[in-house]
Amino acid sequence: VVLPRYRRGPVRRWVGALPSTGGKVCGRTLSKKMPNLSHLLHTTALAALTMPATGMRLHGSQQTRSPLVNWFAAEAGLPLTVMPPRPSNHPFGQVPFFTDEGGVEVFESGAILLYLADAAAPSATAADRAKYTKWVMWANSELDGLCFGAVPGDHRVRGTSMDKKGVRSVERLEEILGECEWLVDNSFTVADVA
């Protein structure tokens with residue numbers, strides 16, 4: 001499936017959109033330039049029904065971080081077939097879960113995003129990867145909790161800290177994203193999706 005490339009606005013494009021939020025993430029309105037990830041996921045899911053399950057495959061759903069993986073694959077020009085959430089070989093039975101034509105299996109959105117970044121730029125050096133890996137790791141370990149009040153093992157949304165004044169990491173993130181359009185080297189990378 002070949003999908004068009006999209007361009008995002010400042011802060012909201014980095015946080016990432018979940019289709020079920022009605023254009024808002026963490027209480028903030030997303031850029032109008034941001035892709036409709038619900039449409040993106042739906043389009044690739046429909047295509048998966050008519051395509052053989054070969055190549056890169058992602059088991060996921062809209063209610064998870066799967067749309068972020070879809071988004072990066074589309075931006076990077078990587079063909080990705082969206083598969084139903086189950087069955088998934090994730091050791092804890094969760095999604096997203098990724099596999100490729102060589103039998104590589106990857107679970108957790110951050111790990112999948114980093115794998116796809118390597119696939120998209122196989123000549124990247126360790127120094128190149130360090131520039132975006134730190135952002136992917138921060139987003140997976142800190143940003144989720146700030147946006148959704150995540151509690152390990154309990155996947156219910158408990159509220160957001162993004163609009164609370166005085167939350168230092170939120171204020172710093174706003175500063176960083178206010179100074180640049182992209183997080184790494186003034187161009188789109190996996191860091192902007194995570």
# chains A, B, ... in the order shown; residues from 1 in each chain; ligands from 1
>>> select_by_dssp(residues="segment 44-112 of chain A", states="alpha helix (DSSP H)", output="PyMOL selection string")
chain A and resi 44-50+66-76+109-112
>>> residues_around(residues="Lys131 of chain A", least_positions_apart="5", cutoff="12 Å", atoms="only C-alpha atoms", output="PyMOL selection string")
chain A and resi 114+117+124-126+136-138+182-187+189-192
>>> closest_residue(among="A:Ala130, A:Leu78, A:Val95, A:Ala73", to="His59 of chain A", atoms="only C-alpha atoms")
A:Val95
